[in-house]
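Text of query.txt, listed as compact mmCIF, C-alpha atoms:
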```
# COMPACT_ATOMS: atom_id res chain seq x y z
CA MET A 1417 64.43 -61.14 178.84
CA HIS A 1418 66.93 -63.71 177.65
CA SER A 1419 67.66 -61.72 174.49
CA LEU A 1420 68.37 -58.61 176.58
CA ALA A 1421 70.72 -60.61 178.79
CA LEU A 1422 72.54 -61.87 175.69
CA SER A 1423 72.81 -58.36 174.29
CA LEU A 1424 74.53 -57.28 177.50
CA GLY A 1425 77.14 -59.97 177.06
CA GLU A 1426 77.16 -63.66 176.35
CA ARG A 1427 78.72 -64.53 179.67
CA ALA A 1428 77.50 -63.31 183.00
CA LEU A 1429 79.96 -61.42 185.15
CA VAL A 1430 80.73 -62.49 188.70
CA LEU A 1431 80.14 -60.12 191.58
CA LYS A 1432 82.96 -58.54 193.54
CA GLU A 1433 80.78 -56.11 195.46
CA PHE A 1434 77.07 -55.48 195.87
CA SER A 1435 75.87 -52.83 198.30
CA ILE A 1436 72.62 -50.98 198.81
CA ASP A 1437 72.21 -47.88 200.99
CA GLU A 1438 68.76 -46.44 200.26
CA ASN A 1439 69.31 -43.54 202.67
CA ALA A 1440 72.53 -42.25 201.06
CA THR A 1441 72.09 -38.61 200.07
CA THR A 1442 75.52 -37.78 198.64
CA GLY A 1443 77.06 -41.14 197.81
CA ALA A 1444 75.89 -44.08 195.78
CA GLN A 1445 72.63 -45.68 196.88
CA VAL A 1446 73.55 -48.79 194.90
CA ARG A 1447 77.04 -49.96 194.02
CA ILE A 1448 77.62 -53.11 192.01
CA VAL A 1449 81.13 -54.13 190.98
CA ALA A 1450 81.65 -57.20 188.82
CA ARG A 1451 84.41 -58.84 186.80
CA LYS A 1452 84.63 -61.46 184.10
CA GLU A 1453 84.46 -64.98 185.42
CA GLY A 1454 87.49 -67.20 185.68
CA LEU A 1455 90.79 -67.49 187.42
CA ILE A 1456 92.67 -65.25 184.96
CA ALA A 1457 90.24 -62.34 185.46
CA TRP A 1458 90.52 -62.80 189.23
CA LEU A 1459 94.34 -62.73 189.04
CA LEU A 1460 94.24 -59.59 186.87
CA THR A 1461 92.02 -57.95 189.48
CA LEU A 1462 94.49 -58.92 192.23
CA MET A 1463 97.31 -57.37 190.19
CA GLY A 1464 95.35 -54.10 190.03
CA ILE A 1465 94.49 -54.30 186.34
CA ASP A 1466 91.03 -52.78 186.02
CA VAL A 1467 88.86 -55.30 184.17
CA THR A 1468 85.72 -54.54 186.14
CA THR A 1469 82.24 -53.28 185.39
CA ILE A 1470 80.76 -50.79 187.87
CA PHE A 1471 77.07 -49.85 188.09
CA GLU A 1472 76.23 -47.08 190.58
CA VAL A 1473 72.88 -45.46 191.29
CA TYR A 1474 72.77 -41.97 192.78
CA SER A 1475 69.74 -39.86 193.61
CA ASN A 1476 69.99 -38.01 190.28
CA ARG A 1477 72.04 -40.21 187.93
CA ILE A 1478 73.38 -43.65 187.07
CA GLU A 1479 77.09 -44.11 186.48
CA PHE A 1480 78.11 -47.12 184.43
CA SER A 1481 81.69 -48.00 183.54
CA ARG A 1482 83.45 -50.95 181.93
CA GLY A 1483 87.15 -51.55 182.18
CA SER A 1484 89.26 -53.86 180.06
CA LEU A 1485 92.91 -54.46 179.34
CA SER A 1486 92.77 -51.78 176.65
CA GLY A 1487 91.10 -49.03 178.70
CA LYS A 1488 87.98 -47.87 180.48
CA LEU A 1489 84.71 -46.31 179.34
CA CYS A 1490 82.48 -44.38 181.75
CA ASN A 1491 78.89 -43.29 181.11
CA VAL A 1492 76.78 -40.96 183.24
CA ILE A 1493 73.04 -41.05 182.61
CA PRO A 1494 70.74 -38.51 184.28
CA LEU A 1495 67.71 -40.24 185.73
CA SER A 1496 65.48 -37.92 183.73
CA ALA A 1497 66.92 -39.54 180.56
CA LEU A 1498 65.94 -43.10 181.52
CA SER A 1499 63.05 -44.85 179.85
CA VAL A 1500 63.19 -48.43 181.19
CA GLY A 1501 64.62 -50.20 184.22
CA THR A 1502 64.79 -53.97 183.93
CA THR A 1503 65.63 -56.86 186.19
CA GLY A 1504 65.18 -60.57 185.89
CA TYR A 1505 67.03 -63.85 185.98
CA THR A 1506 67.85 -66.78 183.76
CA LYS A 1507 68.58 -70.35 184.70
CA PRO A 1508 70.35 -72.80 182.38
CA ILE A 1509 67.66 -75.48 182.15
CA ILE A 1510 69.96 -77.54 179.94
CA PHE A 1511 71.93 -78.53 183.04
CA LEU A 1512 68.81 -80.11 184.58
CA VAL A 1513 68.17 -82.00 181.35
CA LEU A 1514 71.79 -83.21 181.27
CA ALA A 1515 71.56 -84.24 184.94
CA ALA A 1516 68.48 -86.35 184.19
CA ILE A 1517 70.16 -87.91 181.13
CA ALA A 1518 73.32 -88.73 183.12
CA PHE A 1519 71.29 -90.28 185.94
CA ILE A 1520 69.19 -92.41 183.55
CA ALA A 1521 72.33 -93.42 181.62
CA GLY A 1522 73.92 -94.48 184.90
CA ILE A 1523 70.94 -96.69 185.71
CA VAL A 1524 70.90 -98.24 182.23
CA LEU A 1525 74.66 -98.82 182.20
CA ALA A 1526 74.56 -100.29 185.72
CA ALA A 1527 72.57 -103.24 184.38
CA LYS A 1528 75.37 -103.99 181.89
CA ALA A 1529 78.58 -102.67 183.43
CA GLY A 1530 77.87 -102.83 187.17
CA PHE A 1531 77.66 -100.49 190.12
CA LEU A 1532 80.63 -98.33 189.03
CA ALA A 1533 78.73 -97.21 185.94
CA PHE A 1534 75.77 -96.19 188.12
CA LEU A 1535 78.10 -94.31 190.48
CA LEU A 1536 79.73 -92.48 187.57
CA GLY A 1537 76.32 -91.49 186.17
CA LEU A 1538 75.24 -90.31 189.62
CA VAL A 1539 78.37 -88.17 190.10
CA ILE A 1540 77.94 -86.57 186.67
CA ALA A 1541 74.24 -85.96 187.37
CA ILE A 1542 75.07 -84.27 190.70
CA ALA A 1543 77.71 -82.09 189.00
CA PHE A 1544 75.16 -80.92 186.40
CA PHE A 1545 72.56 -80.33 189.13
CA ILE A 1546 74.96 -78.17 191.15
CA SER A 1547 75.96 -76.29 187.98
CA TYR A 1548 72.30 -75.47 187.39
CA PHE A 1549 72.18 -73.52 190.67
CA LEU A 1550 75.63 -71.95 190.34
CA LYS A 1551 75.01 -70.69 186.80
CA LYS A 1552 71.82 -68.76 187.61
CA SER A 1553 72.29 -65.24 186.22
CA LEU A 1554 70.60 -62.05 187.37
CA LEU A 1555 70.10 -59.04 185.15
CA ILE A 1556 69.94 -55.38 186.05
CA SER A 1557 69.75 -52.74 183.35
CA ALA A 1558 68.59 -49.21 182.74
CA ILE A 1559 67.83 -48.12 179.19
CA SER A 1560 68.01 -44.44 178.30
CA HIS A 1561 65.80 -42.55 175.87
CA SER A 1562 68.66 -42.81 173.34
CA SER A 1563 68.56 -46.64 173.69
CA PHE A 1564 71.89 -46.87 175.54
CA ILE A 1565 71.82 -49.90 177.83
CA ALA A 1566 73.58 -49.51 181.16
CA GLY A 1567 73.50 -52.93 182.69
CA PHE A 1568 74.80 -56.43 182.73
CA ALA A 1569 74.04 -60.00 183.63
CA PHE A 1570 75.83 -61.29 186.71
CA LYS A 1571 76.01 -64.28 188.98
CA ARG A 1572 77.30 -65.14 192.41
CA SER A 1573 81.02 -65.24 192.98
CA ILE A 1574 82.45 -68.34 194.57
CA ILE A 1575 85.93 -66.79 195.04
CA GLU A 1576 84.76 -63.46 196.51
CA GLY A 1577 81.76 -65.03 198.22
CA VAL A 1578 79.27 -62.38 197.04
CA LYS A 1579 75.74 -63.71 196.60
CA VAL A 1580 72.75 -61.70 195.41
CA ASP A 1581 69.19 -62.90 195.02
CA TYR A 1582 66.33 -61.74 192.83
CA GLU A 1583 64.73 -59.72 195.65
CA GLN A 1584 67.87 -57.58 195.94
CA ALA A 1585 67.85 -57.00 192.18
CA LEU A 1586 64.20 -55.90 192.45
CA GLN A 1587 65.23 -53.53 195.25
CA VAL A 1588 67.78 -51.89 192.92
CA ILE A 1589 65.12 -51.29 190.26
CA SER A 1590 62.78 -49.96 192.95
CA ILE A 1591 65.43 -47.44 194.04
CA ILE A 1592 65.95 -46.35 190.43
CA ASN A 1593 62.19 -45.93 189.90
CA ARG A 1594 61.78 -43.98 193.15
CA ASN A 1595 64.65 -41.65 192.19
CA ILE A 1596 63.17 -41.11 188.70
CA ILE A 1597 59.84 -40.10 190.26
CA GLN A 1598 61.59 -37.76 192.69
CA GLN A 1599 63.60 -36.18 189.85
CA SER A 1600 60.52 -35.64 187.69
CA ALA A 1601 58.72 -33.97 190.60
CA LYS A 1602 61.42 -31.28 190.86
```
This structure in structure tokens:
Amino acid sequence: MHSLALSLGERALVLKEFSIDENATTGAQVRIVARKEGLIAWLLTLMGIDVTTIFEVYSNRIEFSRGSLSGKLCNVIPLSALSVGTTGYTKPIIFLVLAAIAFIAGIVLAAKAGFLAFLLGLVIAIAFFISYFLKKSLLISAISHSSFIAGFAFKRSIIEGVKVDYEQALQVISIINRNIIQQSAK
């Protein structure tokens, strides 16, 4: 799972939009719009420069596009050409380890340097602990018979305020699987 997430991009994208409408017959049943993380990518988006990734699921196809400063690439995959739908999540366990180390270091240093050293260790430990939860990445991907991967790893957006949990990611894969079955029955 982690290797697939890395193959989709080293850094998870942040969500701008995540919507599910299972009953849509003509429009997208799933629409996920994401951008690179960071203030510069957010400012580029505000200026109208298309640096987004869009993943849309329709009743008969998946549309996947990536935009960058140099252009945009769109892919349309018929559901009959899909072989695997994947979802999952990764959590950066290293942040929990660093939080524990910072907390223990604060306790050890407090014996020598005083209460301020403990307080500093505690603040650093809390920052690592919060980062652990904020850096959780979800993965949604669909792999075609030709091995093309339409998908990406993403995480919640603090600026846009879009939060998605693992159950919603499972719902997306469920919609894709249901549509594949419906298409193969035709």
Which of these, A:Thr1441, A:Gln1584, A:Ser1553, A:Ser1496, has the shortest distance to Arg1477 of chain A once you count all atoms listed in the file?
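The closest residue to Arg1477 of chain A is A:Ser1496.
Separating atom CA of Val1430 of chain A from atom CA of Ala1569 of chain A is a distance of 8.8 Å.
Nearest residue to Lys1432 of chain A, choosing from A:Ile1470, A:Ile1478, A:Leu1586, A:Ala1543 and counting only C-alpha atoms: A:Ile1470.
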Please, what distance in Å, to one decimal, runs between atom CA of Ala1516 of chain A and atom CA of Asp1581 of chain A?
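Atom CA of Asp1581 of chain A lies 25.8 Å from atom CA of Ala1516 of chain A.
Using all atoms listed in the file for every distance, the candidate list A:Lys1552, A:Lys1507, A:Arg1451, A:His1561 yields A:Arg1451 as the residue closest to Arg1482 of chain A.
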May I have the residues within 7 Å of Ala1585 of chain A as a PDB file with C-alpha atoms, keeping the file's coordinate frame, using only C-alpha atoms and disregarding those fewer than 4 positions away in the same chain?
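What ended up in selection29.pdb:
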```
ATOM      1  CA  THR A1503      65.630 -56.860 186.190  1.00  0.00           C
ATOM      2  CA  ILE A1556      69.940 -55.380 186.050  1.00  0.00           C
ATOM      3  CA  ASP A1581      69.190 -62.900 195.020  1.00  0.00           C
ATOM      4  CA  ILE A1589      65.120 -51.290 190.260  1.00  0.00           C
TER       5      ILE A1589
END
```
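Minimum distance to Tyr1505 of chain A across A:Lys1551, A:Lys1452, A:Arg1594, A:Lys1579 (counting all atoms listed in the file) occurs at A:Lys1551.
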Gap from atom CA of Gly1464 of chain A to atom CA of Val1578 of chain A - Å, one decimal
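Interatomic distance, atom CA of Gly1464 of chain A to atom CA of Val1578 of chain A: 19.4 Å.
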Of the residues A:Phe1471, A:Tyr1582, A:Phe1568, A:Phe1549, which is the one nearest to Leu1512 of chain A, using all atoms listed in the file?
A:Phe1549
Considering all atoms listed in the file, can you say which of A:Asn1439, A:Ser1547, A:Asn1595, A:Ser1499 comes closest to Val1513 of chain A?
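Using all atoms listed in the file, the shortest distance to Val1513 of chain A belongs to A:Ser1547.
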Can you tell me, as a ChimeraX atom specification, what residues are no more than 12 Å from Pro1494 of chain A when counting only C-alpha atoms, ignoring any on the same chain fewer than 5 positions away?
/A:1472-1480,1499,1558-1562,1566,1592,1595-1596,1599-1600
Using only C-alpha atoms and a cutoff of 12 Å, can you tell me which residues are near (88.0, -66.1, 181.4) in the file's coordinates, and write them out as a list in words?
Arg1427, Ala1428, Leu1429, Val1430, Arg1451, Lys1452, Glu1453, Gly1454, Leu1455, Ile1456, Ala1457, Trp1458, Leu1459, Leu1460 and Val1467 of chain A
Selection file, C-alpha atoms, as a short mmCIF file (atom, residue, chain, number, x, y, z; two decimals), keeping the file's coordinate frame:
```
data_model
loop_
_atom_site.label_atom_id
_atom_site.label_comp_id
_atom_site.auth_asym_id
_atom_site.auth_seq_id
_atom_site.Cartn_x
_atom_site.Cartn_y
_atom_site.Cartn_z
CA ARG A 1427 78.72 -64.53 179.67
CA ALA A 1428 77.50 -63.31 183.00
CA LEU A 1429 79.96 -61.42 185.15
CA VAL A 1430 80.73 -62.49 188.70
CA ARG A 1451 84.41 -58.84 186.80
CA LYS A 1452 84.63 -61.46 184.10
CA GLU A 1453 84.46 -64.98 185.42
CA GLY A 1454 87.49 -67.20 185.68
CA LEU A 1455 90.79 -67.49 187.42
CA ILE A 1456 92.67 -65.25 184.96
CA ALA A 1457 90.24 -62.34 185.46
CA TRP A 1458 90.52 -62.80 189.23
CA LEU A 1459 94.34 -62.73 189.04
CA LEU A 1460 94.24 -59.59 186.87
CA VAL A 1467 88.86 -55.30 184.17
#
```
Which residues are close to Ile1523 of chain A, i.e. within 8 Å by only C-alpha atoms, leaving aside same-chain residues fewer than 4 positions away? Reply as a tab-separated table (two decimals) with C-alpha atoms, in the frame of the given file.
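So out29.tsv came out as:
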```
chain	number	residue	atom	x	y	z
A	1519	PHE	CA	71.29	-90.28	185.94
A	1527	ALA	CA	72.57	-103.24	184.38
A	1533	ALA	CA	78.73	-97.21	185.94
A	1534	PHE	CA	75.77	-96.19	188.12
A	1537	GLY	CA	76.32	-91.49	186.17
```
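Around Gly1483 of chain A, within 8 Å and counting all atoms listed in the file, the residues found are Asp1466, Val1467, Thr1468, Thr1469 and Leu1489 of chain A, once anything fewer than 6 positions away on its own chain is removed.
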With C-alpha atoms retained, write the just-selected residues as a PDB file, in the coordinates of the input.
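Generated file (out_3.pdb):
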```pdb
ATOM      1  CA  ASP A1466      91.030 -52.780 186.020  1.00  0.00           C
ATOM      2  CA  VAL A1467      88.860 -55.300 184.170  1.00  0.00           C
ATOM      3  CA  THR A1468      85.720 -54.540 186.140  1.00  0.00           C
ATOM      4  CA  THR A1469      82.240 -53.280 185.390  1.00  0.00           C
ATOM      5  CA  LEU A1489      84.710 -46.310 179.340  1.00  0.00           C
TER       6      LEU A1489
END
```
